[in-house]
Amino acid sequence: MKIHEYQAKDIFRKYQIAVPNGKPAFTVDEAVTVAKSISTHGPWVVKAQIHAGGRGKGGGVKLAKSLDEVRTHSEAILGMTLITHQTGPEGKLVKRLLIEEGCNIASEFYLAVTLDRVSSQLVIMASPAGGMDIEHVAANTPEKIFKEWINPMVGLRDFQCRRLASKMGFTGTTAKGFTDILKKLIRLFIDTDCGLAEINPLVVTKEGGVLAVDAKVDFEENSLYRHPSLLELRDHNEEDPSETAAKRFDLSYISLDGNIGCMVNGAGLAMATMDILKYEGGNAANFLDVGGGATEEKVKEAFKIILSDKKVKAVLVNIFGGIMKCDVIALGIIAAVKDLKLAIPLVVRLEGTNVDLGKKLLNDSGLKLETATGMKEAAQKAVVAAGGGNK
Ligand code: GDP
Ligand code: MN
């Protein structure tokens with residue numbers, strides 16, 4: 001679960017990670033009031049709050065030297081559709097602002113903690129080439145990104161901090177400030193079950209202070225039950241509405257870029273379905289696991305969610321009837337298709353208990369759908385139904 005920068009900075013404050021003085025604002029008037037309350041003189045920074053980075057380059061971060069400028073920048077940013085390399089071409093509507101005290105930036109660094117799934121350890125990534133072009137650095141000069149892995153048995157060692165600080169070019173008080181923030185960021189990461197905690201830029205000010213000018217925190221969805229207070233930070237406006245609807249019905253749904261809607265039970269089968277579609281030259285429009293007990297209601301909700309995606313040109317149902325029998329699933333599919341007046345091609349592959357009865361029900365239903373035997377045939381039929389693949 002992603003949260004806004006101002007929310008992440010509130011958490012940083014709890015962990016005593018230095019951040020600029022600032023507060024969120026939901027209207028232009030509020031932005032001016034907040035600016036007055038945090039500082040008697042400028043500069044202030046007006047920052048769009050969306051769940052995507054690259055705001056600076058997209059015009060979503062502006063420096064204001066006076067309260068009048070706070071007003072004009074807030075008017076421009078609030079309500080704008082901000083397009084950045086992370087939002088996709090449709091962009092994101094800005095509904096919240098963060099108003100901060102500006103700081104005197106001497107240099108910008110990058111610091112992040114994430115999970116390295118290969119080594120099963122947390123990895124720290126740090127770079128002296130921080131700021132707005134970190135993706136460029138990662139792609140072209142990866143040697144400028146330094147890494148340290150944290151052994152879960154012993155935690156971060158002091159020599160690792162010193163090694164990292166020295167590679168980053170920090171000495172004396174800046175080295176101390178950097179190490180301090182690094183240790184607190186790791187504590188925050190572990191305490192709150194993050195997937196990513198990132199500071200870009202981590203700033204050294206002209207006065208020699210070290211502080212987090214940007215803050216990005218992404219929590220592990222599957223651990224959120226352990227942190228009920230974090231759930232309040234969720235902003236549904238920023239999330240894919242289909243994914244929100246799926247959560248309500250306990251369906252695991254992730255939207256993707258392809259045009260074949262997939263309804264599958266079991267995460268492993270869902271992954272395999274996406275793979276075989278790709279192999280046959282097609283592309284899945286989503287990952288959807290309806291779970292072991294694919295009830296009629298769930299099947300119907302799953303169809304609704306898949307069909308709400310306008311990219312979907314065909315639907316592939318690939319269900320193994322183990323807990324639920326295939327005939328029961330077939331009845332669920334038939335009811336859902338009739339109810340929703342499905343207008344695009346549907347390919348169904350059932351396997352498992354009572355599969356023959358299930359297929360007979362589908363074939364006798366009079367509905368325009370194709371049944372398939374085996375994953376390969378199902379994938380091939382789905383790719384053709386969606387208008388052919390790229391094979
Ligand atoms: P992002 O582009 O979405 O990652 O947004 P950031 O919060 O990282 O802001 C983008 C850039 O704005 C930073 O890299 C800084 O160069 C600049 N910026 C942000 N806050 C300040 C500030 O207080 N003073 C100055 N001079 N620049 C700032
Ligand atoms: Mn940033």
# chains A, B, ... in the order shown; residues from 1 in each chain; ligands from 1
>>> closest_atom_pairs(of="chain A", to="ligand 1", cutoff="8 Å", atoms="only C-alpha atoms and all ligand atoms", output="Markdown table")
| residue | atom | partner | partner_atom_place_in_ligand_line | distance |
| --- | --- | --- | --- | --- |
| A:Pro20 | CA | ligand 1 | 23 (O) | 7.4 |
| A:Pro43 | CA | ligand 1 | 23 (O) | 7.8 |
| A:Trp44 | CA | ligand 1 | 23 (O) | 6.9 |
| A:Val45 | CA | ligand 1 | 23 (O) | 5.7 |
| A:Lys47 | CA | ligand 1 | 7 (O) | 7.2 |
| A:Ala52 | CA | ligand 1 | 3 (O) | 6.7 |
| A:Gly53 | CA | ligand 1 | 3 (O) | 3.8 |
| A:Gly54 | CA | ligand 1 | 2 (O) | 3.8 |
| A:Arg55 | CA | ligand 1 | 3 (O) | 3.5 |
| A:Gly56 | CA | ligand 1 | 2 (O) | 3.5 |
| A:Lys57 | CA | ligand 1 | 2 (O) | 5.9 |
| A:Gly58 | CA | ligand 1 | 2 (O) | 7.6 |
| A:Gly60 | CA | ligand 1 | 3 (O) | 7.4 |
| A:Val61 | CA | ligand 1 | 12 (O) | 5.8 |
| A:Lys62 | CA | ligand 1 | 12 (O) | 7.2 |
| A:Leu63 | CA | ligand 1 | 25 (C) | 6.7 |
| A:Glu100 | CA | ligand 1 | 23 (O) | 7.1 |
| A:Glu101 | CA | ligand 1 | 23 (O) | 6.3 |
| A:Gly102 | CA | ligand 1 | 23 (O) | 3.3 |
| A:Cys103 | CA | ligand 1 | 23 (O) | 4.1 |
| A:Asn104 | CA | ligand 1 | 26 (N) | 5.8 |
| A:Ile105 | CA | ligand 1 | 26 (N) | 5.5 |
| A:Glu108 | CA | ligand 1 | 14 (O) | 7.0 |
| A:Gly130 | CA | ligand 1 | 14 (O) | 7.7 |
| A:Gly131 | CA | ligand 1 | 14 (O) | 4.2 |
| A:Met132 | CA | ligand 1 | 14 (O) | 5.0 |
| A:Asn200 | CA | ligand 1 | 8 (O) | 5.4 |
| A:Pro201 | CA | ligand 1 | 14 (O) | 5.4 |
| A:Val213 | CA | ligand 1 | 20 (N) | 5.7 |
| A:Asp214 | CA | ligand 1 | 7 (O) | 4.2 |
| A:Ala215 | CA | ligand 1 | 7 (O) | 7.3 |
>>> write_last_selection(atoms="N, CA and C atoms", output="PDB file, in the first residue's frame")
ATOM      1  N   PRO A  20      11.721  18.568   6.389  1.00  0.00           N
ATOM      2  CA  PRO A  20      11.356  19.987   6.471  1.00  0.00           C
ATOM      3  C   PRO A  20      10.022  20.147   7.196  1.00  0.00           C
ATOM      4  N   PRO A  43      11.505  30.995   1.545  1.00  0.00           N
ATOM      5  CA  PRO A  43      10.648  30.366   0.545  1.00  0.00           C
ATOM      6  C   PRO A  43       9.882  29.162   1.110  1.00  0.00           C
ATOM      7  N   TRP A  44       8.780  28.901   0.435  1.00  0.00           N
ATOM      8  CA  TRP A  44       8.007  27.694   0.732  1.00  0.00           C
ATOM      9  C   TRP A  44       8.076  26.784  -0.493  1.00  0.00           C
ATOM     10  N   VAL A  45       7.730  25.530  -0.292  1.00  0.00           N
ATOM     11  CA  VAL A  45       7.648  24.626  -1.439  1.00  0.00           C
ATOM     12  C   VAL A  45       6.222  24.093  -1.500  1.00  0.00           C
ATOM     13  N   LYS A  47       3.931  21.278  -3.057  1.00  0.00           N
ATOM     14  CA  LYS A  47       4.153  19.957  -3.654  1.00  0.00           C
ATOM     15  C   LYS A  47       2.849  19.189  -3.874  1.00  0.00           C
ATOM     16  N   ALA A  52       2.796   8.908  -6.967  1.00  0.00           N
ATOM     17  CA  ALA A  52       3.731   8.662  -8.069  1.00  0.00           C
ATOM     18  C   ALA A  52       4.871   9.645  -7.954  1.00  0.00           C
ATOM     19  N   GLY A  53       6.026   9.217  -8.382  1.00  0.00           N
ATOM     20  CA  GLY A  53       7.197  10.081  -8.361  1.00  0.00           C
ATOM     21  C   GLY A  53       7.339  10.842  -9.669  1.00  0.00           C
ATOM     22  N   GLY A  54       8.420  11.597  -9.772  1.00  0.00           N
ATOM     23  CA  GLY A  54       8.655  12.373 -10.984  1.00  0.00           C
ATOM     24  C   GLY A  54       7.835  13.642 -11.030  1.00  0.00           C
ATOM     25  N   ARG A  55       7.307  14.058  -9.860  1.00  0.00           N
ATOM     26  CA  ARG A  55       6.426  15.226  -9.828  1.00  0.00           C
ATOM     27  C   ARG A  55       7.175  16.491 -10.186  1.00  0.00           C
ATOM     28  N   GLY A  56       8.417  16.585  -9.727  1.00  0.00           N
ATOM     29  CA  GLY A  56       9.232  17.775  -9.988  1.00  0.00           C
ATOM     30  C   GLY A  56       9.290  18.083 -11.472  1.00  0.00           C
ATOM     31  N   LYS A  57       9.625  17.051 -12.263  1.00  0.00           N
ATOM     32  CA  LYS A  57       9.753  17.238 -13.713  1.00  0.00           C
ATOM     33  C   LYS A  57       8.415  17.518 -14.387  1.00  0.00           C
ATOM     34  N   GLY A  58       7.342  17.023 -13.774  1.00  0.00           N
ATOM     35  CA  GLY A  58       6.018  17.205 -14.376  1.00  0.00           C
ATOM     36  C   GLY A  58       5.364  18.516 -13.970  1.00  0.00           C
ATOM     37  N   GLY A  60       4.874  19.479 -10.717  1.00  0.00           N
ATOM     38  CA  GLY A  60       4.099  19.307  -9.487  1.00  0.00           C
ATOM     39  C   GLY A  60       4.837  19.732  -8.219  1.00  0.00           C
ATOM     40  N   VAL A  61       6.034  20.289  -8.368  1.00  0.00           N
ATOM     41  CA  VAL A  61       6.786  20.794  -7.205  1.00  0.00           C
ATOM     42  C   VAL A  61       7.294  22.187  -7.562  1.00  0.00           C
ATOM     43  N   LYS A  62       6.841  23.189  -6.781  1.00  0.00           N
ATOM     44  CA  LYS A  62       7.232  24.570  -7.130  1.00  0.00           C
ATOM     45  C   LYS A  62       7.681  25.328  -5.888  1.00  0.00           C
ATOM     46  N   LEU A  63       8.717  26.118  -6.090  1.00  0.00           N
ATOM     47  CA  LEU A  63       9.259  26.949  -5.026  1.00  0.00           C
ATOM     48  C   LEU A  63       8.508  28.290  -5.037  1.00  0.00           C
ATOM     49  N   GLU A 100       5.568  23.169   2.405  1.00  0.00           N
ATOM     50  CA  GLU A 100       6.741  23.006   3.262  1.00  0.00           C
ATOM     51  C   GLU A 100       7.595  24.255   3.290  1.00  0.00           C
ATOM     52  N   GLU A 101       8.385  24.318   4.342  1.00  0.00           N
ATOM     53  CA  GLU A 101       9.407  25.339   4.437  1.00  0.00           C
ATOM     54  C   GLU A 101      10.513  24.949   3.441  1.00  0.00           C
ATOM     55  N   GLY A 102      10.924  25.876   2.595  1.00  0.00           N
ATOM     56  CA  GLY A 102      11.995  25.561   1.647  1.00  0.00           C
ATOM     57  C   GLY A 102      13.320  25.438   2.375  1.00  0.00           C
ATOM     58  N   CYS A 103      14.226  24.651   1.816  1.00  0.00           N
ATOM     59  CA  CYS A 103      15.540  24.561   2.450  1.00  0.00           C
ATOM     60  C   CYS A 103      16.628  24.889   1.440  1.00  0.00           C
ATOM     61  N   ASN A 104      17.803  25.238   1.962  1.00  0.00           N
ATOM     62  CA  ASN A 104      18.933  25.606   1.108  1.00  0.00           C
ATOM     63  C   ASN A 104      19.698  24.358   0.713  1.00  0.00           C
ATOM     64  N   ILE A 105      19.388  23.842  -0.450  1.00  0.00           N
ATOM     65  CA  ILE A 105      19.997  22.573  -0.849  1.00  0.00           C
ATOM     66  C   ILE A 105      21.434  22.800  -1.338  1.00  0.00           C
ATOM     67  N   GLU A 108      22.201  16.792  -3.418  1.00  0.00           N
ATOM     68  CA  GLU A 108      21.097  15.831  -3.331  1.00  0.00           C
ATOM     69  C   GLU A 108      21.623  14.408  -3.467  1.00  0.00           C
ATOM     70  N   GLY A 130      21.864  11.594  -6.408  1.00  0.00           N
ATOM     71  CA  GLY A 130      20.429  11.614  -6.112  1.00  0.00           C
ATOM     72  C   GLY A 130      19.724  12.737  -6.830  1.00  0.00           C
ATOM     73  N   GLY A 131      18.439  12.905  -6.506  1.00  0.00           N
ATOM     74  CA  GLY A 131      17.662  13.957  -7.146  1.00  0.00           C
ATOM     75  C   GLY A 131      16.697  13.379  -8.147  1.00  0.00           C
ATOM     76  N   MET A 132      16.423  14.138  -9.182  1.00  0.00           N
ATOM     77  CA  MET A 132      15.312  13.754 -10.041  1.00  0.00           C
ATOM     78  C   MET A 132      15.659  12.722 -11.114  1.00  0.00           C
ATOM     79  N   ASN A 200      14.465  10.474  -1.728  1.00  0.00           N
ATOM     80  CA  ASN A 200      15.115  11.013  -2.918  1.00  0.00           C
ATOM     81  C   ASN A 200      14.520  12.366  -3.293  1.00  0.00           C
ATOM     82  N   PRO A 201      15.185  13.432  -2.982  1.00  0.00           N
ATOM     83  CA  PRO A 201      16.547  13.502  -2.480  1.00  0.00           C
ATOM     84  C   PRO A 201      16.651  13.511  -0.954  1.00  0.00           C
ATOM     85  N   VAL A 213      14.112  15.378   2.013  1.00  0.00           N
ATOM     86  CA  VAL A 213      13.274  16.366   1.339  1.00  0.00           C
ATOM     87  C   VAL A 213      12.103  15.685   0.621  1.00  0.00           C
ATOM     88  N   ASP A 214      12.277  14.422   0.269  1.00  0.00           N
ATOM     89  CA  ASP A 214      11.164  13.647  -0.281  1.00  0.00           C
ATOM     90  C   ASP A 214      11.088  12.357   0.542  1.00  0.00           C
ATOM     91  N   ALA A 215       9.906  11.747   0.573  1.00  0.00           N
ATOM     92  CA  ALA A 215       9.736  10.519   1.343  1.00  0.00           C
ATOM     93  C   ALA A 215       8.741   9.619   0.636  1.00  0.00           C
TER      94      ALA A 215
END
>>> residues_around(residues="A:Thr87", least_positions_apart="2", cutoff="12 Å", atoms="only C-alpha atoms", output="PyMOL selection string")
chain A and resi 50-55+58+81-85+89-94+238-240
>>> closest_residue(among="A:Leu277, A:Leu230, A:Ala284, A:Leu196", to="A:Leu115", atoms="only C-alpha atoms")
A:Leu196
>>> residues_around(residues="stretch 261-274 of chain A", least_positions_apart="6", cutoff="6 Å", atoms="only C-alpha atoms", output="PyMOL selection string")
chain A and resi 284-286+288-291+306+312+315-319
>>> residues_around(residues="A:Ser223", least_positions_apart="2", cutoff="12 Å", atoms="only C-alpha atoms", output="MDAnalysis selection string")
chainID A and resid 1 190:195 218:221 225:228 230:231
